[in-house]
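Participant: Sharing structure.txt here; it has compact mmCIF, C-alpha atoms.
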# COMPACT_ATOMS: atom_id res chain seq x y z
CA MET A 1 0.50 42.95 -25.06
CA ALA A 2 -3.16 42.06 -24.56
CA LEU A 3 -2.25 38.46 -25.27
CA ASN A 4 0.30 38.52 -22.45
CA LYS A 5 -2.28 39.86 -20.04
CA ILE A 6 -4.67 37.08 -20.91
CA LYS A 7 -1.92 34.53 -20.37
CA ALA A 8 -1.04 36.00 -16.99
CA LEU A 9 -4.68 35.85 -16.01
CA TRP A 10 -4.85 32.20 -17.02
CA LEU A 11 -1.78 31.45 -14.95
CA ALA A 12 -3.24 33.14 -11.89
CA LEU A 13 -6.46 31.20 -12.33
CA LEU A 14 -4.60 27.87 -12.61
CA VAL A 15 -2.52 28.55 -9.52
CA ALA A 16 -5.62 29.52 -7.55
CA LEU A 17 -7.42 26.36 -8.68
CA SER A 18 -4.59 24.05 -7.76
CA LEU A 19 -4.27 25.68 -4.34
CA VAL A 20 -7.98 25.22 -3.71
CA THR A 21 -7.78 21.55 -4.69
CA ALA A 22 -4.66 20.99 -2.62
CA PHE A 23 -6.16 22.26 0.58
CA SER A 24 -9.74 21.22 0.23
CA TYR A 25 -10.87 18.27 2.29
CA ALA A 26 -13.91 16.22 1.52
CA PRO A 27 -15.49 14.99 4.72
CA VAL A 28 -16.53 11.36 4.48
CA ALA A 29 -19.66 9.95 6.03
CA GLN A 30 -18.71 7.75 8.93
CA ALA A 31 -20.70 4.86 10.25
CA THR A 32 -19.66 2.84 13.25
CA ILE A 33 -21.49 -0.40 13.69
CA ASP A 34 -19.99 -1.67 16.93
CA ALA A 35 -21.45 -0.70 20.25
CA PHE A 36 -18.37 -0.05 22.35
CA GLU A 37 -18.76 1.27 25.87
CA PHE A 38 -16.27 4.00 26.69
CA LYS A 39 -15.22 5.08 30.15
CA ASN A 40 -15.23 8.72 29.13
CA ASP A 41 -15.71 10.97 26.13
CA GLU A 42 -12.00 11.53 25.71
CA LEU A 43 -11.48 7.82 25.02
CA ARG A 44 -14.37 7.84 22.59
CA THR A 45 -12.92 10.77 20.64
CA ARG A 46 -9.50 9.16 20.57
CA TYR A 47 -11.05 5.90 19.36
CA GLN A 48 -12.88 7.67 16.56
CA ASP A 49 -9.83 9.65 15.53
CA LEU A 50 -7.64 6.53 15.45
CA ALA A 51 -10.19 4.44 13.57
CA ALA A 52 -10.49 7.22 10.99
CA VAL A 53 -6.76 7.32 10.17
CA LEU A 54 -6.25 3.55 10.12
CA ARG A 55 -6.79 1.96 6.76
CA CYS A 56 -8.45 -1.41 6.32
CA PRO A 57 -5.77 -3.81 5.00
CA LYS A 58 -8.27 -5.91 3.06
CA CYS A 59 -9.97 -3.02 1.32
CA GLN A 60 -8.26 -0.60 -1.00
CA ASN A 61 -9.56 2.72 0.16
CA GLN A 62 -11.61 2.60 3.33
CA ASN A 63 -10.70 3.34 6.88
CA ILE A 64 -11.58 0.81 9.51
CA ILE A 65 -14.68 2.74 10.59
CA ASP A 66 -16.22 2.70 7.13
CA SER A 67 -15.36 -0.87 6.26
CA ASP A 68 -17.48 -3.81 7.27
CA ALA A 69 -14.78 -6.35 6.35
CA GLY A 70 -14.03 -8.85 9.10
CA ILE A 71 -10.47 -7.64 9.46
CA ALA A 72 -11.65 -4.05 9.95
CA ALA A 73 -13.90 -5.19 12.78
CA ASP A 74 -10.95 -7.03 14.34
CA LEU A 75 -8.80 -3.93 14.12
CA ARG A 76 -11.52 -1.75 15.69
CA GLN A 77 -11.77 -4.27 18.50
CA GLN A 78 -8.00 -4.18 18.89
CA VAL A 79 -7.89 -0.36 18.97
CA TYR A 80 -10.64 -0.40 21.60
CA ARG A 81 -8.77 -2.97 23.68
CA LEU A 82 -5.45 -1.13 23.49
CA LEU A 83 -7.08 2.18 24.41
CA ASN A 84 -8.59 0.59 27.51
CA GLU A 85 -5.22 -0.91 28.38
CA GLY A 86 -3.80 2.62 28.47
CA TYR A 87 -1.79 2.67 25.25
CA THR A 88 -1.07 6.12 23.82
CA ASP A 89 -2.24 7.00 20.27
CA GLU A 90 1.35 6.78 19.11
CA GLU A 91 1.79 3.31 20.57
CA ILE A 92 -1.41 2.07 18.98
CA LEU A 93 -0.35 3.31 15.53
CA ASP A 94 3.07 1.69 16.03
CA PHE A 95 1.34 -1.55 17.04
CA MET A 96 -0.62 -1.56 13.79
CA VAL A 97 2.35 -0.62 11.60
CA ALA A 98 4.43 -3.40 13.18
CA ARG A 99 1.81 -5.90 11.97
CA TYR A 100 0.40 -4.46 8.78
CA GLY A 101 3.15 -2.13 7.57
CA ASN A 102 2.76 1.50 6.54
CA PHE A 103 -0.18 0.54 4.33
CA VAL A 104 -2.37 0.65 7.41
CA LEU A 105 -1.76 4.39 7.84
CA TYR A 106 -3.70 6.77 5.64
CA GLU A 107 -0.99 9.37 6.00
CA PRO A 108 2.35 7.84 5.07
CA PRO A 109 5.23 8.79 7.38
CA MET A 110 7.79 11.25 6.05
CA ASN A 111 11.08 9.50 5.36
CA SER A 112 13.61 9.17 2.57
CA LEU A 113 11.32 6.73 0.75
CA THR A 114 8.35 9.07 0.74
CA TYR A 115 9.95 12.49 0.12
CA LEU A 116 8.98 12.23 -3.53
CA LEU A 117 5.40 11.48 -2.54
CA TRP A 118 5.22 14.41 -0.14
CA PHE A 119 7.09 17.05 -2.09
CA GLY A 120 6.72 15.81 -5.68
CA PRO A 121 3.50 17.74 -6.39
CA PHE A 122 4.98 20.99 -5.09
CA ALA A 123 8.12 20.44 -7.15
CA LEU A 124 5.98 19.87 -10.23
CA LEU A 125 3.97 23.02 -9.53
CA LEU A 126 7.19 24.99 -9.19
CA LEU A 127 8.51 23.52 -12.42
CA ALA A 128 5.30 24.33 -14.26
CA GLY A 129 5.43 27.91 -12.95
CA LEU A 130 9.01 28.22 -14.11
CA VAL A 131 8.17 26.96 -17.60
CA VAL A 132 5.25 29.36 -17.92
CA PHE A 133 7.42 32.25 -16.68
CA MET A 134 10.15 31.48 -19.22
CA LEU A 135 7.61 31.19 -22.03
CA LEU A 136 6.06 34.54 -21.12
CA ARG A 137 9.46 36.22 -20.97
CA GLY A 138 10.44 34.66 -24.30
CA ASN A 139 7.29 36.05 -25.89
CA ARG A 140 7.91 39.55 -24.59
CA LYS A 141 11.50 39.54 -25.82
CA ALA A 142 10.44 38.26 -29.21
CA ALA A 143 7.87 41.03 -29.45
CA GLN A 144 10.55 43.66 -28.60
CA ASP A 145 12.99 42.17 -31.10
CA ALA A 146 10.34 42.25 -33.77
CA GLN A 147 9.78 45.97 -33.16
CA GLN A 148 13.51 46.76 -33.22
CA ILE A 149 14.04 44.95 -36.48
CA SER A 150 11.18 46.82 -38.03
CA GLU A 151 12.74 50.12 -36.88
CA ASP A 152 16.07 49.20 -38.46
CA ASP A 153 14.28 48.23 -41.56
CA ARG A 154 12.39 51.50 -41.60
CA GLU A 155 15.67 53.44 -41.34
CA ARG A 156 17.15 51.49 -44.23
CA LEU A 157 13.98 51.99 -46.11
CA ASN A 158 14.08 55.73 -45.46
CA LYS A 159 17.71 55.91 -46.61
CA LEU A 160 16.90 54.08 -49.76
CA LEU A 161 13.91 56.25 -50.37
CA ASN A 162 15.92 59.47 -49.70
CA LYS A 163 18.73 58.39 -52.01
CA HIS A 164 16.37 57.86 -54.88
CA SER A 165 14.16 60.83 -54.33
CA GLY A 166 17.17 63.19 -53.73
CA MET B 1 19.15 23.84 -33.93
CA LYS B 2 19.02 23.91 -30.14
CA ARG B 3 15.50 25.23 -30.24
CA ARG B 4 14.52 22.44 -32.59
CA LEU B 5 15.74 19.85 -30.11
CA MET B 6 13.85 21.57 -27.30
CA LEU B 7 10.65 20.78 -29.17
CA PHE B 8 11.19 17.09 -28.47
CA ILE B 9 11.16 17.53 -24.70
CA PRO B 10 7.38 17.00 -24.33
CA LEU B 11 7.61 13.83 -26.41
CA VAL B 12 10.41 12.49 -24.20
CA ILE B 13 8.43 13.34 -21.04
CA PHE B 14 5.40 11.59 -22.52
CA PHE B 15 7.35 8.40 -23.17
CA VAL B 16 9.04 8.35 -19.76
CA MET B 17 5.69 8.79 -18.03
CA GLY B 18 4.14 6.19 -20.31
CA ILE B 19 6.75 3.63 -19.31
CA PHE B 20 6.16 4.26 -15.59
CA LEU B 21 2.37 4.14 -15.90
CA TRP B 22 2.58 1.00 -18.02
CA GLN B 23 4.67 -0.68 -15.31
CA GLY B 24 2.15 0.52 -12.75
CA LEU B 25 -0.64 -1.35 -14.52
CA LYS B 26 1.07 -4.62 -13.76
CA LEU B 27 1.27 -4.00 -10.01
CA ASP B 28 -1.39 -5.54 -7.81
CA PRO B 29 -2.50 -2.99 -5.22
CA ARG B 30 -4.06 -5.80 -3.21
CA GLU B 31 -0.69 -7.35 -2.54
CA LEU B 32 0.69 -5.98 0.71
CA PRO B 33 4.26 -6.57 1.72
CA SER B 34 4.41 -8.24 5.09
CA ALA B 35 5.78 -6.06 7.87
CA LEU B 36 7.22 -9.22 9.40
CA ILE B 37 9.69 -10.28 6.71
CA GLY B 38 13.05 -10.84 8.37
CA LYS B 39 11.53 -10.77 11.83
CA PRO B 40 10.83 -13.65 14.22
CA PHE B 41 7.45 -15.32 14.03
CA PRO B 42 5.24 -13.60 16.65
CA ALA B 43 5.22 -15.23 20.07
CA PHE B 44 2.20 -17.40 20.82
CA ASN B 45 0.91 -20.06 23.15
CA LEU B 46 -1.87 -22.07 21.55
CA SER B 47 -3.55 -25.44 21.61
CA THR B 48 -4.07 -27.39 18.40
CA VAL B 49 -7.23 -28.25 16.54
CA LYS B 50 -6.99 -31.92 17.46
CA ASP B 51 -5.67 -31.53 21.01
CA GLU B 52 -7.16 -28.84 23.17
CA ASN B 53 -4.74 -29.57 26.01
CA ALA B 54 -1.63 -28.99 23.91
CA THR B 55 0.42 -25.87 24.62
CA ILE B 56 2.56 -25.00 21.67
CA THR B 57 4.80 -21.96 21.36
CA GLN B 58 6.70 -20.33 18.51
CA ASP B 59 9.71 -22.54 19.32
CA ALA B 60 7.90 -25.48 17.70
CA LEU B 61 8.41 -23.82 14.30
CA LYS B 62 12.19 -23.81 14.60
CA GLY B 63 14.60 -26.49 13.40
CA GLU B 64 14.05 -26.51 9.66
CA VAL B 65 12.43 -24.44 6.94
CA SER B 66 8.68 -24.84 7.09
CA LEU B 67 5.44 -23.44 5.76
CA VAL B 68 2.82 -21.90 7.99
CA ASN B 69 -0.56 -21.93 6.30
CA VAL B 70 -3.44 -19.82 7.61
CA TRP B 71 -6.77 -21.54 6.97
CA ALA B 72 -10.36 -21.74 8.16
CA THR B 73 -13.43 -23.80 7.33
CA TRP B 74 -15.38 -20.63 6.46
CA CYS B 75 -12.75 -19.73 3.87
CA VAL B 76 -13.87 -20.91 0.45
CA SER B 77 -10.51 -20.41 -1.24
CA CYS B 78 -8.86 -22.55 1.46
CA ARG B 79 -10.93 -25.48 0.26
CA GLN B 80 -9.66 -24.83 -3.24
CA GLU B 81 -6.07 -24.68 -2.03
CA HIS B 82 -6.19 -27.73 0.21
CA PRO B 83 -5.38 -30.50 -2.33
CA GLU B 84 -2.22 -28.68 -3.37
CA LEU B 85 -1.08 -28.50 0.25
CA VAL B 86 -1.67 -32.23 0.63
CA ARG B 87 0.38 -32.81 -2.48
CA ILE B 88 3.20 -30.51 -1.33
CA ALA B 89 3.40 -32.26 2.04
CA LYS B 90 3.61 -35.65 0.32
CA GLU B 91 6.01 -34.73 -2.46
CA SER B 92 8.47 -32.37 -0.87
CA GLY B 93 8.62 -33.67 2.68
CA LEU B 94 8.40 -30.06 3.78
CA LYS B 95 6.84 -29.49 7.17
CA ILE B 96 3.58 -27.57 6.94
CA PHE B 97 2.07 -26.07 10.05
CA GLY B 98 -1.54 -24.94 10.03
CA LEU B 99 -2.91 -21.88 11.72
CA ASN B 100 -6.62 -22.43 12.06
CA TYR B 101 -7.89 -18.86 12.08
CA LYS B 102 -11.13 -17.75 13.80
CA ASP B 103 -12.84 -21.08 13.47
CA THR B 104 -14.62 -23.64 15.63
CA ARG B 105 -12.94 -26.83 16.74
CA PRO B 106 -15.59 -29.40 15.63
CA GLU B 107 -15.81 -27.93 12.15
CA ALA B 108 -12.03 -27.77 11.80
CA ILE B 109 -11.69 -31.43 12.89
CA ARG B 110 -14.37 -32.49 10.43
CA TRP B 111 -12.57 -30.62 7.64
CA LEU B 112 -9.26 -32.35 8.37
CA ASP B 113 -10.94 -35.77 8.51
CA GLU B 114 -12.79 -35.20 5.30
CA TYR B 115 -10.10 -33.59 3.12
CA MET B 116 -6.94 -35.18 4.62
CA ASP B 117 -4.53 -33.45 6.95
CA PRO B 118 -1.32 -32.11 5.38
CA TYR B 119 -0.32 -30.32 8.58
CA GLN B 120 2.10 -31.38 11.31
CA PHE B 121 -0.54 -29.84 13.52
CA SER B 122 -2.93 -26.94 13.21
CA LEU B 123 -2.68 -24.24 15.83
CA PHE B 124 -6.10 -23.29 17.09
CA ASP B 125 -6.35 -19.47 16.95
CA GLU B 126 -9.97 -19.07 17.90
CA ASP B 127 -10.08 -15.30 18.48
CA GLY B 128 -7.59 -14.49 15.72
CA ARG B 129 -5.03 -12.88 18.02
CA VAL B 130 -2.04 -14.68 16.52
CA GLY B 131 -3.44 -13.97 13.06
CA LEU B 132 -3.52 -10.29 13.97
CA ASP B 133 0.04 -10.39 15.31
CA LEU B 134 1.05 -11.97 12.02
CA GLY B 135 -0.69 -9.27 9.98
CA VAL B 136 -3.15 -11.71 8.39
CA TYR B 137 -5.82 -9.86 6.41
CA GLY B 138 -7.47 -12.71 4.59
CA ALA B 139 -7.12 -16.47 4.46
CA PRO B 140 -5.52 -18.34 2.89
CA GLU B 141 -2.09 -16.94 3.60
CA THR B 142 1.13 -18.88 3.63
CA TYR B 143 4.40 -17.96 5.30
CA ILE B 144 7.84 -19.41 4.81
CA VAL B 145 9.61 -19.64 8.17
CA ASP B 146 13.30 -20.51 8.26
CA LYS B 147 15.07 -22.85 10.68
CA ASP B 148 15.55 -20.06 13.23
CA GLY B 149 11.88 -19.20 13.26
CA ILE B 150 12.32 -16.05 11.14
CA VAL B 151 9.53 -15.14 8.71
CA ARG B 152 11.08 -15.08 5.22
CA TYR B 153 8.20 -14.85 2.78
CA ARG B 154 4.50 -14.26 2.70
CA PHE B 155 2.08 -15.40 0.04
CA VAL B 156 -1.53 -14.21 0.09
CA GLY B 157 -4.08 -16.22 -1.87
CA VAL B 158 -4.56 -19.71 -3.19
CA ILE B 159 -1.44 -21.77 -3.86
CA ASP B 160 -1.73 -23.85 -7.00
CA ARG B 161 0.83 -25.96 -8.84
CA GLN B 162 2.19 -23.06 -10.90
CA ILE B 163 2.59 -20.77 -7.92
CA TRP B 164 4.17 -23.51 -5.85
CA LEU B 165 6.73 -24.45 -8.50
CA ASN B 166 7.52 -20.97 -9.75
CA GLU B 167 7.20 -18.78 -6.73
CA LEU B 168 7.25 -20.62 -3.42
CA LEU B 169 9.53 -23.60 -4.00
CA PRO B 170 12.47 -21.45 -5.20
CA GLU B 171 11.98 -19.29 -2.12
CA VAL B 172 11.89 -22.36 0.16
CA ASN B 173 15.09 -23.69 -1.42
CA LYS B 174 16.75 -20.34 -0.86
CA TRP B 175 16.35 -20.70 2.89
CA ARG B 176 16.87 -24.43 3.13
Is it possible to give me this structure as structure tokens?
Facilitator:
Amino acid sequence: MALNKIKALWLALLVALSLVTAFSYAPVAQATIDAFEFKNDELRTRYQDLAAVLRCPKCQNQNIIDSDAGIAADLRQQVYRLLNEGYTDEEILDFMVARYGNFVLYEPPMNSLTYLLWFGPFALLLLAGLVVFMLLRGNRKAAQDAQQISEDDRERLNKLLNKHSG
Amino acid sequence: MKRRLMLFIPLVIFFVMGIFLWQGLKLDPRELPSALIGKPFPAFNLSTVKDENATITQDALKGEVSLVNVWATWCVSCRQEHPELVRIAKESGLKIFGLNYKDTRPEAIRWLDEYMDPYQFSLFDEDGRVGLDLGVYGAPETYIVDKDGIVRYRFVGVIDRQIWLNELLPEVNKWR
């Protein structure tokens, strides 16, 4: 019984840990090197937001703000230009995807190709929970069975003992 | 008996995952698929390296299967690739168009004089706008464009003999 409680505690701890990891977000230091002039603060915020979610095609894991690759500078310039030309955020992202493919987006779009990517971890978590649940239930049942058998045995034992003593 | 078999499940899972991860090791994360495969070559209107008064549009690429090679004098690997391009142009009779990417005209002309010119002409993309429309992220890059001006294949990196014979030539023949 005590063993089961320890196991349940472990399970709760694991679930809590994975939830914390899933939803935590590590802020990354951002350094912009270009000196762009913006007409207003709204444009500046939109520029920064866009440059943070666009991934540098030449580098493996940097957004175009962090990267000092030539292509990243070109893309920043392009985002700046499109913003000033009145493109919406959506249109700018589409513009980039049309040229560089989905790689350029940090957050892949949800479609039939990426369902596994989006929901796979949750499915695995569910599966793991299910396995642990079944194991725990199996243990409990086994423990009960063990007790029952010992009771039967005790009865038989008593009978045998009574027969011989009587 | 059934319970016995169940014990093998982790082993099976281990092997299946091992196979997938092993395959994953062979993939090159640096290789991006082009977003332009199967789409028309982006529209442009450019002069050439050797003729600043020329106005050439995407229609010039149509007619037969051709290669479009993105190069620049600042690109070290392009220098390494150049002799192979010269050889391909001579041997195969395939038309090769250059896209001189973010370069200066005098330097580009000097390069072509010095190392021979395998190109029909080299488009002069000074600010890299056409390169950006094409999704170029590093020279050298080479595109196979079919007779209707549709982009069919993209190769990023230096073309050498092996790559030409084993990878690009079969692809060219497919669209010829």
Participant: For atom CA of Leu125 of chain A and atom CA of Arg137 of chain A, determine how far apart the two atoms are, in Å to one decimal place.
Facilitator: 18.3 Å
Participant: From the list B:Ile13, B:Ala35, B:Met6, B:Ala108, which residue is nearest chain A when using all atoms listed in the file?
Facilitator: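 Result for the nearest residue to chain A: B:Ala35.
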Participant: How many Å separate atom CA of Leu21 of chain B from atom CA of Tyr153 of chain B?
Facilitator: 27.3 Å
Participant: With all atoms listed in the file as the counted atoms, please give the residues lying no more than 7 Å from Thr55 of chain B, apart from itself and same-chain residues fewer than 3 positions off, as a ChimeraX atom specification.
Facilitator: /B:45-47
Participant: Create the file for the chosen residues now, containing C-alpha atoms and written as a short mmCIF file (atom, residue, chain, number, x, y, z; two decimals), keeping the file's coordinate frame.
Facilitator:
data_model
loop_
_atom_site.label_atom_id
_atom_site.label_comp_id
_atom_site.auth_asym_id
_atom_site.auth_seq_id
_atom_site.Cartn_x
_atom_site.Cartn_y
_atom_site.Cartn_z
CA ASN B 45 0.91 -20.06 23.15
CA LEU B 46 -1.87 -22.07 21.55
CA SER B 47 -3.55 -25.44 21.61
#
Participant: Counting all atoms listed in the file, which residue out of A:Gln148, A:Thr114, A:Ser67, A:Asn40 sits closest to Ala52 of chain A?
Facilitator: A:Ser67
Participant: Mind pulling up the distance from atom CA of Arg99 of chain A to atom CA of Lys95 of chain B?
Facilitator: 24.6 Å
Participant: Show me, as a list in words, the residues of chain A whose atoms get within 8 Å of chain B, using only C-alpha atoms for the distance check.
Facilitator: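 Taken together, these residues fit the definition: Pro57, Lys58, Cys59, Gln60, Ile71, Val97, Ala98, Arg99, Tyr100, Gly101 and Phe103 of chain A.
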Participant: For Val68 of chain B, work out the shell of residues within 6 Å, counting all atoms listed in the file and skipping chain neighbours fewer than 4 positions away, then give it as a PyMOL selection string.
Facilitator: chain B and resi 96-98+142-143
Participant: Between A:Lys5, A:Asp89, A:Tyr115, A:Phe95, single out the one closest to Thr45 of chain A, counting only C-alpha atoms.
Facilitator: A:Asp89
Participant: Would you please work out which residue, of B:Asp103, B:Glu91, B:Asp51, B:Asp59, is nearest to Glu126 of chain B when using all atoms listed in the file?
Facilitator: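 Counting all atoms listed in the file, the residue closest to Glu126 of chain B is B:Asp103.
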Participant: Which residues are close to Leu136 of chain A, i.e. within 12 Å by all atoms listed in the file, leaving aside same-chain residues fewer than 5 positions away? Reply as a PDB file with C-alpha atoms, in the frame of the given file.
Facilitator:
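The file below, around12.pdb, is the result:
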ATOM      1  CA  MET A   1       0.500  42.950 -25.060  1.00  0.00           C
ATOM      2  CA  LEU A   3      -2.250  38.460 -25.270  1.00  0.00           C
ATOM      3  CA  ASN A   4       0.300  38.520 -22.450  1.00  0.00           C
ATOM      4  CA  LYS A   5      -2.280  39.860 -20.040  1.00  0.00           C
ATOM      5  CA  ILE A   6      -4.670  37.080 -20.910  1.00  0.00           C
ATOM      6  CA  LYS A   7      -1.920  34.530 -20.370  1.00  0.00           C
ATOM      7  CA  ALA A   8      -1.040  36.000 -16.990  1.00  0.00           C
ATOM      8  CA  LEU A   9      -4.680  35.850 -16.010  1.00  0.00           C
ATOM      9  CA  TRP A  10      -4.850  32.200 -17.020  1.00  0.00           C
ATOM     10  CA  LEU A  11      -1.780  31.450 -14.950  1.00  0.00           C
ATOM     11  CA  GLY A 129       5.430  27.910 -12.950  1.00  0.00           C
ATOM     12  CA  LEU A 130       9.010  28.220 -14.110  1.00  0.00           C
ATOM     13  CA  VAL A 131       8.170  26.960 -17.600  1.00  0.00           C
ATOM     14  CA  LYS A 141      11.500  39.540 -25.820  1.00  0.00           C
ATOM     15  CA  ALA A 142      10.440  38.260 -29.210  1.00  0.00           C
ATOM     16  CA  ALA A 143       7.870  41.030 -29.450  1.00  0.00           C
TER      17      ALA A 143
END
Participant: Using only C-alpha atoms for the distances, tell me which of B:Asn166, B:Asn100, B:Gln23, B:Gln80 is nearest to Thr48 of chain B.
Facilitator: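 Counting only C-alpha atoms, the residue closest to Thr48 of chain B is B:Asn100.
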Participant: Compare B:Asp160, B:Asp148, B:Glu114, B:Glu171 by their minimum atom-to-atom distance to Thr73 of chain B, counting only C-alpha atoms, and give me the closest one.
Facilitator: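 The closest residue to Thr73 of chain B is B:Glu114.
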Participant: Please determine an axis-aligned box that encloses all atoms of segment 129-148 of chain B listed in the file, with 3 Å added on each side, and express its centre and edge lengths in Å to one decimal as lines of an AutoDock Vina configuration file.
Facilitator:
center_x = 4.0
center_y = -16.1
center_z = 10.5
size_x = 29.0
size_y = 19.6
size_z = 21.1
Participant: Reconstruct N, CA and C atoms of segment 126-143 of chain A from the incomplete input and present them as a JSON list (two decimals), in the coordinates of the input.
Facilitator:
[["chain", "number", "residue", "atom", "x", "y", "z"],
["A", 126, "LEU", "N", 6.10, 24.03, -9.05],
["A", 126, "LEU", "CA", 7.19, 24.99, -9.19],
["A", 126, "LEU", "C", 7.75, 24.95, -10.62],
["A", 127, "LEU", "N", 7.96, 23.73, -11.09],
["A", 127, "LEU", "CA", 8.51, 23.52, -12.42],
["A", 127, "LEU", "C", 7.58, 24.11, -13.48],
["A", 128, "ALA", "N", 6.28, 23.82, -13.31],
["A", 128, "ALA", "CA", 5.30, 24.33, -14.26],
["A", 128, "ALA", "C", 5.31, 25.85, -14.26],
["A", 129, "GLY", "N", 5.38, 26.45, -13.06],
["A", 129, "GLY", "CA", 5.43, 27.91, -12.95],
["A", 129, "GLY", "C", 6.64, 28.47, -13.67],
["A", 130, "LEU", "N", 7.76, 27.79, -13.50],
["A", 130, "LEU", "CA", 9.01, 28.22, -14.11],
["A", 130, "LEU", "C", 8.90, 28.20, -15.64],
["A", 131, "VAL", "N", 8.33, 27.11, -16.15],
["A", 131, "VAL", "CA", 8.17, 26.96, -17.60],
["A", 131, "VAL", "C", 7.28, 28.08, -18.14],
["A", 132, "VAL", "N", 6.16, 28.32, -17.47],
["A", 132, "VAL", "CA", 5.25, 29.36, -17.92],
["A", 132, "VAL", "C", 5.94, 30.72, -17.90],
["A", 133, "PHE", "N", 6.71, 30.98, -16.83],
["A", 133, "PHE", "CA", 7.42, 32.25, -16.68],
["A", 133, "PHE", "C", 8.40, 32.44, -17.84],
["A", 134, "MET", "N", 9.17, 31.38, -18.14],
["A", 134, "MET", "CA", 10.15, 31.48, -19.22],
["A", 134, "MET", "C", 9.46, 31.71, -20.56],
["A", 135, "LEU", "N", 8.34, 31.02, -20.77],
["A", 135, "LEU", "CA", 7.61, 31.19, -22.03],
["A", 135, "LEU", "C", 7.13, 32.62, -22.18],
["A", 136, "LEU", "N", 6.57, 33.18, -21.08],
["A", 136, "LEU", "CA", 6.06, 34.54, -21.12],
["A", 136, "LEU", "C", 7.18, 35.52, -21.43],
["A", 137, "ARG", "N", 8.35, 35.32, -20.77],
["A", 137, "ARG", "CA", 9.46, 36.22, -20.97],
["A", 137, "ARG", "C", 9.97, 36.13, -22.41],
["A", 138, "GLY", "N", 10.01, 34.88, -22.92],
["A", 138, "GLY", "CA", 10.44, 34.66, -24.30],
["A", 138, "GLY", "C", 9.56, 35.42, -25.28],
["A", 139, "ASN", "N", 8.27, 35.38, -25.04],
["A", 139, "ASN", "CA", 7.29, 36.05, -25.89],
["A", 139, "ASN", "C", 7.53, 37.56, -25.92],
["A", 140, "ARG", "N", 7.74, 38.11, -24.70],
["A", 140, "ARG", "CA", 7.91, 39.55, -24.59],
["A", 140, "ARG", "C", 9.15, 40.00, -25.36],
["A", 141, "LYS", "N", 10.25, 39.22, -25.17],
["A", 141, "LYS", "CA", 11.50, 39.54, -25.82],
["A", 141, "LYS", "C", 11.34, 39.49, -27.35],
["A", 142, "ALA", "N", 10.66, 38.44, -27.77],
["A", 142, "ALA", "CA", 10.44, 38.26, -29.21],
["A", 142, "ALA", "C", 9.67, 39.44, -29.77],
["A", 143, "ALA", "N", 8.69, 39.90, -29.01],
["A", 143, "ALA", "CA", 7.87, 41.03, -29.45],
["A", 143, "ALA", "C", 8.74, 42.28, -29.58]]
